[in-house]
Amino acid sequence: MQVPIIDLVSQYKNLEKEIDNAVKRVFSHSYFVFGKELESFEEQLSKYAGTKFALGVANGTDALLLSLYALGIKEGDEVITTPFTFISTAEVIALLRAKPVFVDVKEESLNIDPNLIEKAITERTKVILPVHLFGLCADMKSIIDIAQKHNLKVVEDAAQAIGATLYDKMAGGLGDIAGFSFFPTKNLGAAGDAGAILTNDEKLYEKIRLLRVHGSHKKYYHQFIGFNNRLDAIQAALLSVKLKYVDSWNKRRREIAAKYTSSLNTYVKTPSEPEGYYSVYHQYTIRTEERDRLKAFMNERGVSTAIHYPLPLHLQLAFEYLGYKKGDFPVAEKACGEVLSLPVYPELTDEMVDYVIETISGFFS
Ligand SMILES: Cc1ncc(COP(=O)(O)O)c(C=O)c1O
């Protein structure tokens, strides 16, 4: 049996008619940039996430970049974040010539450890940027308490967490502003790059609405220097189709995750989901010291896996200039040697899930 790490063709086949109709509709009116497709998606998304505003943008990286830019982050500022994430999270800080300040993650969740945040705060700190890694919310209650105490803003990197909740509040509506990614493999995936910003702050919303279109409030009139990072109408139309299915897809991911956890927790460290948290398992990531051998063993038997992430951000060449060294963030560093993401997506059949479990138990026995 072959079990790929993701299967976007099956996802398309299941929705073929709806997707084709949506794309045809866009071509039939041919408003490809802005217009009602985008407005309608933004309305549905803000309703879904429970925020006042949603803004479609070109990708998840731009969502974070515009959020920080709109908050006024600039050279000399510091933004606290996690070293155990995709590079975008810290890249956007550096792009604005501010300084990414890393804080280690918690052993159980691999999300930023709030107990270590206060020590990293200086008079230059402006923002805390937690990531809801693998679809599990960061400890936002503690993070927001710290932010309020020190007068900092909280930007959520919710790229991997659409539909996740923390005490029934949706990821994306927990901080001051949030970025989603709709990269094709995400729980809600576009046909290419796409992203969104969510906020309840009208001023930030109004600013970003113009920022994403060259600072323009009226065609060829520019209030300030901006960017070009809008969400295309075709992507918006497609995402509107798929948004309706996100909750049921996430449920199926959780079902698979529950089966993995109950079958595998004697062999490997399985992901935790503390009380009050609702993970959407963007990744189902196990941990074992035998990671590399297990990965090769599974690969030989047709099961694809992935490593999220092999190297923490503080040890990336791109961030060498920050002066961090090995040993600075031991929890993140250790995780990089042990993590292995298993196939987890709604289209996986029960037989495939059983086969993944059999393969892993076969390795350990
Ligand atoms: C945690 C995290 N942040 C940001 C991003 C950036 O999103 P995009 O690839 O849409 O730019 C991703 C996507 O891979 C991500 O996983």
# chains A, B, ... in the order shown; residues from 1 in each chain; ligands from 1
call {"tool": "residues_near_ligand", "arguments": {"ligand": "ligand 1", "cutoff": "7 Å", "atoms": "only C-alpha atoms and all ligand atoms", "output": "list in words"}}
result
Asn59, Gly60, Thr61, Asp62, Thr85, Phe86, Ser88, Thr89, Val131, Leu133, Asp157, Ala158, Ala159, Gln160, Ser181, Phe182, Phe183, Asp193, Ala194 and Gly195 of chain A
call {"tool": "residues_around", "arguments": {"residues": "A:Leu211", "least_positions_apart": "2", "cutoff": "12 Å", "atoms": "only C-alpha atoms", "output": "ChimeraX atom specification"}}
result
/A:55,57,62-63,65-71,204-209,213-217,222-230
call {"tool": "closest_residue", "arguments": {"among": "A:Leu116, A:Ile128, A:Ile197, A:Leu136", "to": "A:Phe329", "atoms": "only C-alpha atoms"}}
result
A:Leu116
call {"tool": "closest_residue", "arguments": {"among": "A:Ser272, A:Thr81, A:Thr288, A:Ser361", "to": "A:Cys336", "atoms": "only C-alpha atoms"}}
result
A:Thr288
call {"tool": "residues_around", "arguments": {"residues": "A:Val353", "least_positions_apart": "3", "cutoff": "9 Å", "atoms": "only C-alpha atoms", "output": "PyMOL selection string"}}
result
chain A and resi 3+256+259-260+343-344+348-350+356-358
call {"tool": "write_last_selection", "arguments": {"atoms": "C-alpha atoms", "output": "PDB file, in the first residue's frame"}}
result
ATOM      1  CA  VAL A   3       0.263   6.294   1.733  1.00  0.00           C
ATOM      2  CA  ILE A 256      -7.399   9.955  12.574  1.00  0.00           C
ATOM      3  CA  LYS A 259      -6.662   6.555  16.381  1.00  0.00           C
ATOM      4  CA  TYR A 260      -2.944   7.236  15.949  1.00  0.00           C
ATOM      5  CA  PRO A 343       0.040  11.423   6.941  1.00  0.00           C
ATOM      6  CA  VAL A 344      -3.074  13.130   8.363  1.00  0.00           C
ATOM      7  CA  LEU A 348      -7.002   9.069   4.210  1.00  0.00           C
ATOM      8  CA  THR A 349      -9.017   5.853   4.353  1.00  0.00           C
ATOM      9  CA  ASP A 350      -9.329   3.770   7.525  1.00  0.00           C
ATOM     10  CA  VAL A 356       0.476   3.464   9.004  1.00  0.00           C
ATOM     11  CA  ILE A 357      -0.117   2.160  12.532  1.00  0.00           C
ATOM     12  CA  GLU A 358       0.901  -1.403  11.569  1.00  0.00           C
TER      13      GLU A 358
END
